[in-house]
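Colleague: My structure is in data.cif, and what it holds is mmCIF, C-alpha atoms (C1' of nucleotides):
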```cif
data_protein
#
loop_
_atom_site.label_atom_id
_atom_site.label_comp_id
_atom_site.auth_asym_id
_atom_site.auth_seq_id
_atom_site.Cartn_x
_atom_site.Cartn_y
_atom_site.Cartn_z
CA MET A 1 42.61 130.80 100.26
CA PRO A 2 44.78 133.42 101.88
CA GLU A 3 48.40 133.08 100.83
CA LEU A 4 50.97 135.86 100.99
CA PRO A 5 49.33 138.30 98.53
CA GLU A 6 45.91 137.94 100.16
CA VAL A 7 47.34 138.39 103.66
CA GLU A 8 49.24 141.46 102.42
CA VAL A 9 46.01 142.96 101.05
CA VAL A 10 44.46 142.43 104.48
CA ARG A 11 47.51 143.89 106.25
CA ARG A 12 47.37 147.06 104.19
CA GLY A 13 43.67 147.41 104.82
CA ILE A 14 44.15 146.95 108.55
CA ALA A 15 47.10 149.35 108.71
CA ASP A 16 45.03 152.12 107.18
CA HIS A 17 42.35 151.72 109.84
CA VAL A 18 43.95 150.67 113.12
CA VAL A 19 47.50 152.00 113.44
CA GLY A 20 47.59 154.62 116.17
CA ARG A 21 44.27 153.56 117.68
CA THR A 22 43.77 152.08 121.15
CA PHE A 23 41.58 149.08 122.01
CA SER A 24 38.92 149.89 124.59
CA HIS A 25 37.33 146.43 124.63
CA VAL A 26 38.01 143.11 122.95
CA ALA A 27 35.35 140.39 122.92
CA LEU A 28 36.21 136.82 121.97
CA HIS A 29 33.24 134.71 120.95
CA GLY A 30 34.05 131.12 121.86
CA SER A 31 37.40 129.74 122.99
CA ARG A 32 38.67 128.13 119.81
CA VAL A 33 39.87 131.38 118.24
CA ALA A 34 42.38 131.79 121.09
CA ARG A 35 43.50 128.15 121.25
CA ARG A 36 47.07 129.16 120.46
CA HIS A 37 47.05 131.74 123.21
CA VAL A 38 48.29 129.51 126.02
CA PRO A 39 46.80 131.43 129.00
CA GLY A 40 43.37 131.25 127.36
CA PRO A 41 40.78 133.55 125.78
CA ASP A 42 39.90 135.54 128.92
CA ASP A 43 43.54 136.44 129.44
CA LEU A 44 43.88 137.48 125.79
CA ALA A 45 40.84 139.76 125.86
CA ALA A 46 41.84 141.31 129.19
CA ARG A 47 45.40 142.02 128.13
CA LEU A 48 44.39 143.65 124.84
CA ALA A 49 42.16 146.28 126.44
CA GLY A 50 43.94 149.65 126.61
CA ARG A 51 46.72 148.65 124.21
CA THR A 52 47.70 150.90 121.30
CA VAL A 53 48.45 149.56 117.82
CA LEU A 54 51.88 150.68 116.62
CA ALA A 55 52.01 148.87 113.28
CA ALA A 56 50.47 146.14 111.15
CA ASP A 57 53.25 143.77 110.00
CA ARG A 58 53.45 140.49 108.13
CA ARG A 59 55.87 137.70 107.29
CA GLY A 60 54.63 135.01 104.92
CA LYS A 61 51.05 134.23 105.89
CA TYR A 62 51.47 135.48 109.47
CA LEU A 63 49.98 138.86 110.25
CA TRP A 64 50.41 140.76 113.49
CA LEU A 65 49.59 144.03 115.14
CA ALA A 66 52.60 145.36 117.03
CA LEU A 67 51.34 146.85 120.30
CA ASP A 68 52.81 149.09 122.95
CA GLY A 69 54.50 147.00 125.62
CA ALA A 70 56.61 144.95 123.17
CA GLU A 71 53.87 142.44 122.44
CA ALA A 72 51.95 141.63 119.28
CA LEU A 73 48.51 140.34 118.46
CA VAL A 74 49.33 137.53 116.03
CA VAL A 75 46.60 136.81 113.50
CA HIS A 76 46.60 133.76 111.25
CA LEU A 77 43.78 133.62 108.73
CA GLY A 78 44.06 129.87 108.21
CA MET A 79 41.96 128.93 105.20
CA SER A 80 38.95 131.13 105.61
CA GLY A 81 39.82 133.90 108.06
CA GLN A 82 38.79 137.48 107.39
CA MET A 83 39.59 140.75 109.12
CA LEU A 84 36.76 143.18 108.54
CA VAL A 85 36.58 146.87 109.38
CA GLU A 86 32.96 147.67 110.11
CA ASP A 87 30.72 150.11 111.90
CA PRO A 88 29.93 149.05 115.49
CA SER A 89 26.23 149.17 114.64
CA ALA A 90 26.64 146.55 111.88
CA GLU A 91 25.05 143.21 112.67
CA ARG A 92 27.33 140.52 114.04
CA ARG A 93 28.30 138.11 111.29
CA PRO A 94 28.09 134.33 111.26
CA HIS A 95 31.42 132.82 112.41
CA GLN A 96 32.53 136.13 113.92
CA HIS A 97 35.03 135.01 116.57
CA ALA A 98 36.41 138.32 117.79
CA THR A 99 35.30 141.94 118.00
CA PHE A 100 37.83 144.72 118.59
CA THR A 101 36.38 148.03 119.75
CA PHE A 102 38.49 151.19 119.95
CA ASP A 103 38.35 154.02 122.46
CA ASP A 104 37.54 156.57 119.74
CA ALA A 105 34.10 155.00 119.11
CA GLY A 106 35.02 154.65 115.41
CA THR A 107 35.02 151.53 113.25
CA GLN A 108 35.42 148.07 114.78
CA LEU A 109 37.85 145.39 113.69
CA ARG A 110 36.26 141.95 113.40
CA PHE A 111 37.76 138.48 112.96
CA VAL A 112 35.46 136.19 110.98
CA ASP A 113 36.45 132.60 110.15
CA GLN A 114 34.11 129.95 108.81
CA ARG A 115 36.43 126.94 109.10
CA THR A 116 38.24 128.18 112.21
CA PHE A 117 41.67 127.06 111.08
CA GLY A 118 42.83 130.56 111.88
CA GLY A 119 43.36 132.12 115.27
CA LEU A 120 44.67 134.88 117.51
CA ALA A 121 47.40 135.04 120.15
CA LEU A 122 49.25 137.67 122.17
CA VAL A 123 52.99 137.05 121.87
CA ASP A 124 56.23 138.79 122.91
CA LEU A 125 58.01 140.79 120.22
CA VAL A 126 61.67 139.78 119.81
CA PRO A 127 64.46 140.90 117.43
CA ASP A 128 64.12 139.20 114.04
CA PRO A 129 66.77 136.46 113.89
CA ARG A 130 66.58 136.59 110.09
CA GLY A 131 67.43 140.27 109.80
CA GLY A 132 64.20 141.54 108.28
CA GLY A 133 63.30 145.21 108.41
CA TYR A 134 60.80 145.02 111.25
CA VAL A 135 61.06 148.19 113.36
CA HIS A 136 59.16 146.62 116.27
CA GLY A 137 60.67 143.13 115.93
CA ILE A 138 58.67 139.98 115.21
CA PRO A 139 56.49 137.76 117.41
CA GLU A 140 58.42 134.98 119.14
CA SER A 141 55.93 132.47 117.65
CA VAL A 142 56.89 133.57 114.13
CA THR A 143 60.66 133.12 114.49
CA HIS A 144 60.50 129.63 112.93
CA ILE A 145 58.98 131.07 109.72
CA ALA A 146 61.39 131.72 106.84
CA VAL A 147 61.84 135.07 105.08
CA ASP A 148 59.15 135.53 102.44
CA PRO A 149 59.85 136.25 98.74
CA LEU A 150 58.72 139.87 98.94
CA GLU A 151 61.08 140.87 101.75
CA ASP A 152 64.20 142.92 100.99
CA VAL A 153 66.36 140.34 102.78
CA PHE A 154 65.01 137.43 100.71
CA ASP A 155 68.02 135.51 99.40
CA ALA A 156 67.08 133.29 96.47
CA ARG A 157 70.54 131.75 96.26
CA ALA A 158 70.43 130.72 99.91
CA VAL A 159 66.93 129.26 99.51
CA ALA A 160 68.01 127.38 96.37
CA ARG A 161 70.97 125.96 98.26
CA LEU A 162 68.69 124.83 101.09
CA MET A 163 66.23 123.27 98.68
CA ARG A 164 68.88 121.39 96.73
CA ALA A 165 70.26 119.94 99.97
CA SER A 166 66.91 118.25 100.59
CA ARG A 167 65.68 114.95 99.21
CA SER A 168 62.15 116.35 98.77
CA GLY A 169 60.40 117.48 95.62
CA VAL A 170 60.29 121.14 94.64
CA LYS A 171 56.60 121.68 95.37
CA ARG A 172 56.80 120.20 98.84
CA LEU A 173 59.70 122.56 99.56
CA LEU A 174 57.89 125.60 98.16
CA LEU A 175 55.06 124.83 100.58
CA HIS A 176 57.43 124.40 103.54
CA GLN A 177 57.15 127.65 105.51
CA GLY A 178 60.54 127.07 107.16
CA VAL A 179 62.28 127.15 103.76
CA VAL A 180 60.46 130.03 102.10
CA SER A 181 57.25 131.44 103.56
CA GLY A 182 53.97 132.69 102.17
CA ILE A 183 53.47 130.13 99.38
CA GLY A 184 50.35 127.93 99.35
CA ASN A 185 48.89 125.55 96.80
CA ILE A 186 47.74 128.24 94.35
CA TYR A 187 50.99 130.17 93.97
CA ALA A 188 53.08 127.00 94.12
CA ASP A 189 51.22 125.62 91.09
CA GLU A 190 51.33 128.94 89.24
CA SER A 191 55.08 129.35 89.81
CA LEU A 192 55.84 125.76 88.78
CA TRP A 193 53.82 126.25 85.60
CA ARG A 194 55.75 129.41 84.77
CA ALA A 195 59.04 127.64 85.48
CA ARG A 196 57.96 124.58 83.45
CA LEU A 197 58.79 122.29 86.35
CA HIS A 198 56.76 119.38 87.68
CA GLY A 199 56.29 119.76 91.44
CA GLU A 200 57.51 116.24 92.15
CA ARG A 201 60.90 116.86 90.58
CA PRO A 202 63.48 116.19 93.29
CA ALA A 203 64.98 119.55 94.18
CA ALA A 204 68.45 118.01 94.31
CA ALA A 205 68.10 117.09 90.63
CA VAL A 206 67.25 120.65 89.54
CA THR A 207 70.11 123.06 88.92
CA GLY A 208 70.67 125.98 91.25
CA PRO A 209 69.93 128.58 88.54
CA ALA A 210 66.68 126.75 87.65
CA ILE A 211 65.57 126.85 91.30
CA GLU A 212 66.44 130.55 91.39
CA ARG A 213 64.34 131.10 88.25
CA LEU A 214 61.47 129.27 89.96
CA LEU A 215 61.78 131.59 92.97
CA ALA A 216 61.81 134.62 90.65
CA HIS A 217 58.52 133.35 89.20
CA VAL A 218 57.15 133.08 92.74
CA GLN A 219 58.01 136.74 93.24
CA ASP A 220 56.50 137.77 89.90
CA VAL A 221 53.23 135.90 90.34
CA MET A 222 52.82 137.17 93.90
CA ARG A 223 53.46 140.79 92.89
CA ALA A 224 50.93 140.43 90.05
CA ALA A 225 48.37 138.91 92.41
CA LEU A 226 48.93 141.69 94.91
CA GLU A 227 48.30 144.25 92.21
CA ALA A 228 45.00 142.52 91.39
CA GLY A 229 43.92 142.56 95.02
CA GLY A 230 44.54 138.85 95.61
CA THR A 231 42.92 135.63 94.46
CA SER A 232 39.47 134.49 95.50
CA PHE A 233 37.08 131.92 94.15
CA ASP A 234 34.19 132.65 96.46
CA ALA A 235 33.28 134.96 99.31
CA LEU A 236 35.71 133.27 101.69
CA TYR A 237 38.62 135.53 100.94
CA VAL A 238 37.82 139.22 101.07
CA ASN A 239 39.67 142.38 101.95
CA VAL A 240 38.80 144.47 104.99
CA ASN A 241 35.91 146.04 103.11
CA GLY A 242 34.46 142.65 102.20
CA GLN A 243 35.54 142.86 98.57
CA SER A 244 37.09 140.01 96.58
CA GLY A 245 40.30 140.16 94.58
CA TYR A 246 40.25 139.16 90.95
CA PHE A 247 43.57 137.43 90.34
CA ASP A 248 41.68 134.15 89.80
CA ARG A 249 41.02 135.41 86.27
CA SER A 250 44.77 135.35 85.67
CA LEU A 251 45.52 131.80 86.83
CA ASP A 252 47.27 129.61 84.27
CA ALA A 253 47.36 126.29 86.14
CA TYR A 254 45.59 126.20 89.50
CA GLY A 255 41.98 125.08 89.11
CA GLN A 256 42.31 124.93 85.31
CA GLU A 257 41.84 121.16 84.83
CA GLY A 258 40.88 120.38 81.24
CA ARG A 259 41.46 123.92 79.99
CA PRO A 260 44.17 124.40 77.34
CA CYS A 261 47.62 125.37 78.56
CA ALA A 262 48.20 129.03 77.67
CA ARG A 263 51.59 128.07 76.17
CA CYS A 264 51.00 124.87 74.25
CA GLY A 265 47.27 124.16 74.29
CA THR A 266 47.56 120.78 76.01
CA PRO A 267 44.73 120.32 78.54
CA ILE A 268 45.85 121.09 82.11
CA ARG A 269 45.86 117.98 84.29
CA ARG A 270 44.92 117.53 87.93
CA GLU A 271 46.89 115.14 90.10
CA THR A 272 46.58 114.22 93.76
CA PHE A 273 49.56 115.30 95.80
CA MET A 274 49.83 115.38 99.59
CA ASN A 275 46.06 114.77 99.87
CA ARG A 276 45.49 117.91 97.80
CA SER A 277 45.27 118.76 94.12
CA SER A 278 48.11 119.81 91.88
CA PHE A 279 47.47 121.37 88.49
CA SER A 280 50.06 121.36 85.74
CA CYS A 281 50.60 121.07 82.00
CA PRO A 282 51.44 117.47 81.00
CA ARG A 283 53.60 118.70 78.12
CA CYS A 284 55.38 121.74 79.61
CA GLN A 285 55.77 120.07 83.01
CA PRO A 286 56.52 116.39 82.43
CA ARG A 287 56.53 114.13 85.46
CA PRO A 288 60.01 113.20 86.64
CA ARG A 289 61.30 109.84 85.58
CA VAL A 290 60.76 107.34 88.38
CA ARG A 291 64.12 106.53 89.92
CA ARG A 292 64.73 103.22 91.60
CA ALA A 293 66.92 102.94 94.67
CA ALA A 294 68.18 99.54 93.53
CA PRO A 295 67.77 97.38 90.44
CA THR A 296 64.64 95.28 90.48
CA PRO A 297 65.43 91.56 90.50
CA THR A 298 64.13 89.86 87.43
CA GLY A 299 63.13 86.21 87.25
"C1'" DC B 1 67.91 113.83 113.26
"C1'" DT B 2 64.68 114.20 108.76
"C1'" DA B 3 60.57 113.22 106.14
"C1'" DT B 4 55.85 112.24 105.87
"C1'" DT B 5 51.03 111.70 107.45
"C1'" DC B 6 47.08 113.18 109.70
"C1'" DA B 7 43.67 115.90 112.66
"C1'" DC B 8 41.54 120.03 112.84
"C1'" DC B 9 36.90 122.51 110.61
"C1'" DT B 10 32.51 123.77 107.85
"C1'" DG B 11 29.67 124.89 103.82
"C1'" DG B 12 28.89 123.92 99.14
"C1'" DG B 13 28.46 120.51 95.81
"C1'" DT B 14 27.25 115.81 94.13
"C1'" DG B 15 25.34 111.17 93.73
"C1'" DC B 16 21.85 107.98 95.01
"C1'" DT C 1 13.50 116.11 99.45
"C1'" DG C 2 16.93 113.87 102.28
"C1'" DC C 3 21.12 112.05 103.45
"C1'" DA C 4 25.82 110.41 103.10
"C1'" DC C 5 29.90 111.62 101.36
"C1'" DC C 6 33.67 114.40 99.33
"C1'" DC C 7 36.40 118.48 98.78
"C1'" DA C 8 38.95 122.82 99.73
"C1'" DG C 9 43.93 123.37 102.56
"C1'" DG C 10 47.63 125.83 106.48
"C1'" DT C 11 49.57 124.31 110.47
"C1'" DG C 12 51.78 121.51 113.80
"C1'" DA C 13 51.58 117.30 116.43
"C1'" DA C 14 52.30 112.57 115.79
"C1'" DT C 15 54.45 108.97 113.51
"C1'" DA C 16 57.81 106.41 110.52
#
```
Just give me the structure of the file as structure tokens.

Modeller:
Amino acid sequence: MPELPEVEVVRRGIADHVVGRTFSHVALHGSRVARRHVPGPDDLAARLAGRTVLAADRRGKYLWLALDGAEALVVHLGMSGQMLVEDPSAERRPHQHATFTFDDAGTQLRFVDQRTFGGLALVDLVPDPRGGGYVHGIPESVTHIAVDPLEDVFDARAVARLMRASRSGVKRLLLHQGVVSGIGNIYADESLWRARLHGERPAAAVTGPAIERLLAHVQDVMRAALEAGGTSFDALYVNVNGQSGYFDRSLDAYGQEGRPCARCGTPIRRETFMNRSSFSCPRCQPRPRVRRAAPTPTG
DNA sequence: CTATTCACCTGGGTGC
DNA sequence: TGCACCCAGGTGAATA
């Protein structure tokens, strides 16, 4: 599943191939891929033709191509989206929703997405209200997304303060893209394991320094995953050349149900949380004590 | 206002 | 072999 490190691998791959090139023709296959582009798919395809790519940028899990004319092609990979750089003569792939052809007759850019949770939109570029180092600004539709842990302007103390002001548990907050962006289920579980915190611990009951340590683990695990080319369990996540990352070999918690904890040997448990799975060590990450709002009447 | 739940989507896996 | 069902999960609209 593409979380920040996987999207960053894709961004780098795209940047190498498309920055400085000009679209000659964009074909959208079906209308769903452009459902977030309000004027519709025909408008999107028409307005992309002739535009030059100035940069490939990213915040959290949002990826965009900054274009001339102060607009950006925003790409969200959803759960299964891929951006592939391929020869125009290559056969069209199953679930290929968009084909970007350039005026130099070189490689094509293709958007492939099996589950179609991802999508494309053309959005105005505006100054970043959060002060990130984006030369071309950020898409207006990304302004509600928080700074991600790998940005220079990431402020762990500020995020810890925000988290501790909430009544939610730490995992729910890690997954909230308006608090800190780029974290999904995999890196949330990995960071919580490293920090020895159960995800359902109320953030308000964790000390500020402990939250900051948790966020430092988020940064560490994401940097390590990036170095390994990202995490993938199957062919759904691939880089622009169709290759898989291998960080899944380094996971300590996520997907490790029944395997011994690398610290203490206790079998990793799987719990249901927010209609998803959470993986943790029962010994290193004890569940929080259940707190009652009021004493239970006894008879 | 905040917090939580649910719809969206498809292929691979499993149980009968 | 077939078929029903479950599961993965990021996002944002809907709901409490």

Colleague: Please measure the separation of CA of Ala216 in chain A and CA of Gly81 in chain A, giving the value in Å to one decimal.

Modeller: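 Rounded to one decimal, the two atoms are 28.1 Å apart.
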
Colleague: If we count all atoms listed in the file, which residues of chain C reach to within 10 Å of chain A? Please list them as a ChimeraX atom specification.

Modeller: /C:7-11

Colleague: Between A:His176, A:Ser141, A:Glu271, A:Glu227, which one has atoms that come closest to chain B, using all atoms listed in the file?

Modeller: A:His176

Colleague: For CA of Leu226 in chain A and CA of Glu6 in chain A, determine how far apart the two atoms are, in Å to one decimal place.

Modeller: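 Value for the CA of Leu226 in chain A-CA of Glu6 in chain A distance: 7.1 Å.
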
Colleague: I'd like a table as a Markdown table: residues in chain A with an atom no more than 7 Å from chain B, each row giving the shortest atom pair and its distance in Å to one decimal, only C-alpha atoms (C1' of nucleotides) counted, sorted by chain and rising residue number.

Modeller:
```
| residue | atom | partner | partner_atom | distance |
| --- | --- | --- | --- | --- |
| A:Gln114 | CA | B:DT10 | C1' | 6.5 |
| A:Arg115 | CA | B:DC9 | C1' | 4.7 |
| A:Thr116 | CA | B:DC9 | C1' | 6.0 |
| A:Phe117 | CA | B:DC9 | C1' | 6.6 |
```

Colleague: For a test of reading the model, state the distance in Å between CA of Asp42 in chain A and CA of Phe100 in chain A, rounded to one decimal.

Modeller: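 Those two atoms sit 14.0 Å apart.
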
Colleague: What are the centre and edge lengths in Å, to one decimal, of the axis-aligned box around all listed atoms of chain B with 5 Å added on each side, as lines of an AutoDock Vina configuration file?

Modeller:
```
center_x = 44.9
center_y = 116.4
center_z = 103.5
size_x = 56.1
size_y = 26.9
size_z = 29.5
```

Colleague: Need to verify the contact set: Gly199 in chain A, 9 Å, all atoms listed in the file, exclusion of same-chain residues closer than 3 positions in sequence. Can you return it as a list of chain:residue names?

Modeller: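 In the requested format, the answer is A:Gly169, A:Val170, A:Lys171, A:Arg172, A:Ala188, A:Asp189, A:Leu192, A:Pro202, A:Ser278, A:Ser280, A:Gln285, A:Arg287, A:Pro288.
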
Colleague: Take the residues that were just selected and, keeping C-alpha atoms, output them as an mmCIF file, keeping the file's coordinate frame.

Modeller:
```
data_model
loop_
_atom_site.group_PDB
_atom_site.id
_atom_site.type_symbol
_atom_site.label_atom_id
_atom_site.label_comp_id
_atom_site.auth_asym_id
_atom_site.auth_seq_id
_atom_site.Cartn_x
_atom_site.Cartn_y
_atom_site.Cartn_z
ATOM 1 C CA GLY A 169 60.400 117.480 95.620
ATOM 2 C CA VAL A 170 60.290 121.140 94.640
ATOM 3 C CA LYS A 171 56.600 121.680 95.370
ATOM 4 C CA ARG A 172 56.800 120.200 98.840
ATOM 5 C CA ALA A 188 53.080 127.000 94.120
ATOM 6 C CA ASP A 189 51.220 125.620 91.090
ATOM 7 C CA LEU A 192 55.840 125.760 88.780
ATOM 8 C CA PRO A 202 63.480 116.190 93.290
ATOM 9 C CA SER A 278 48.110 119.810 91.880
ATOM 10 C CA SER A 280 50.060 121.360 85.740
ATOM 11 C CA GLN A 285 55.770 120.070 83.010
ATOM 12 C CA ARG A 287 56.530 114.130 85.460
ATOM 13 C CA PRO A 288 60.010 113.200 86.640
#
```

Colleague: Hey, what comes out of the PyMOL selection byres ((chain A and resi 210) around 12) on this file? Could you write it as an MDAnalysis selection string?

Modeller: chainID A and resid 156:157 160:161 163:164 170 192 194:197 201 203:209 211:217

Colleague: On this structure, the PyMOL selection byres ((chain A and resi 99) around 12) would catch which residues? List them as a compact mmCIF listing (two decimals) with C-alpha atoms, in the frame of the given file, sorted by chain and number.

Modeller:
```txt
# COMPACT_ATOMS: atom_id res chain seq x y z
CA PHE A 23 41.58 149.08 122.01
CA SER A 24 38.92 149.89 124.59
CA HIS A 25 37.33 146.43 124.63
CA VAL A 26 38.01 143.11 122.95
CA ALA A 27 35.35 140.39 122.92
CA LEU A 28 36.21 136.82 121.97
CA HIS A 29 33.24 134.71 120.95
CA GLY A 30 34.05 131.12 121.86
CA VAL A 33 39.87 131.38 118.24
CA ALA A 45 40.84 139.76 125.86
CA LEU A 48 44.39 143.65 124.84
CA ALA A 49 42.16 146.28 126.44
CA MET A 83 39.59 140.75 109.12
CA LEU A 84 36.76 143.18 108.54
CA VAL A 85 36.58 146.87 109.38
CA GLU A 86 32.96 147.67 110.11
CA ASP A 87 30.72 150.11 111.90
CA PRO A 88 29.93 149.05 115.49
CA ALA A 90 26.64 146.55 111.88
CA GLU A 91 25.05 143.21 112.67
CA ARG A 92 27.33 140.52 114.04
CA ARG A 93 28.30 138.11 111.29
CA HIS A 95 31.42 132.82 112.41
CA GLN A 96 32.53 136.13 113.92
CA HIS A 97 35.03 135.01 116.57
CA ALA A 98 36.41 138.32 117.79
CA PHE A 100 37.83 144.72 118.59
CA THR A 101 36.38 148.03 119.75
CA PHE A 102 38.49 151.19 119.95
CA THR A 107 35.02 151.53 113.25
CA GLN A 108 35.42 148.07 114.78
CA LEU A 109 37.85 145.39 113.69
CA ARG A 110 36.26 141.95 113.40
CA PHE A 111 37.76 138.48 112.96
CA VAL A 112 35.46 136.19 110.98
CA LEU A 120 44.67 134.88 117.51
```

Colleague: To verify the selection step, state as a ChimeraX atom specification which residues the PyMOL selection byres ((chain A and resi 145) around 8) yields on this input.

Modeller: /A:59-60,142-144,146-147,177-181
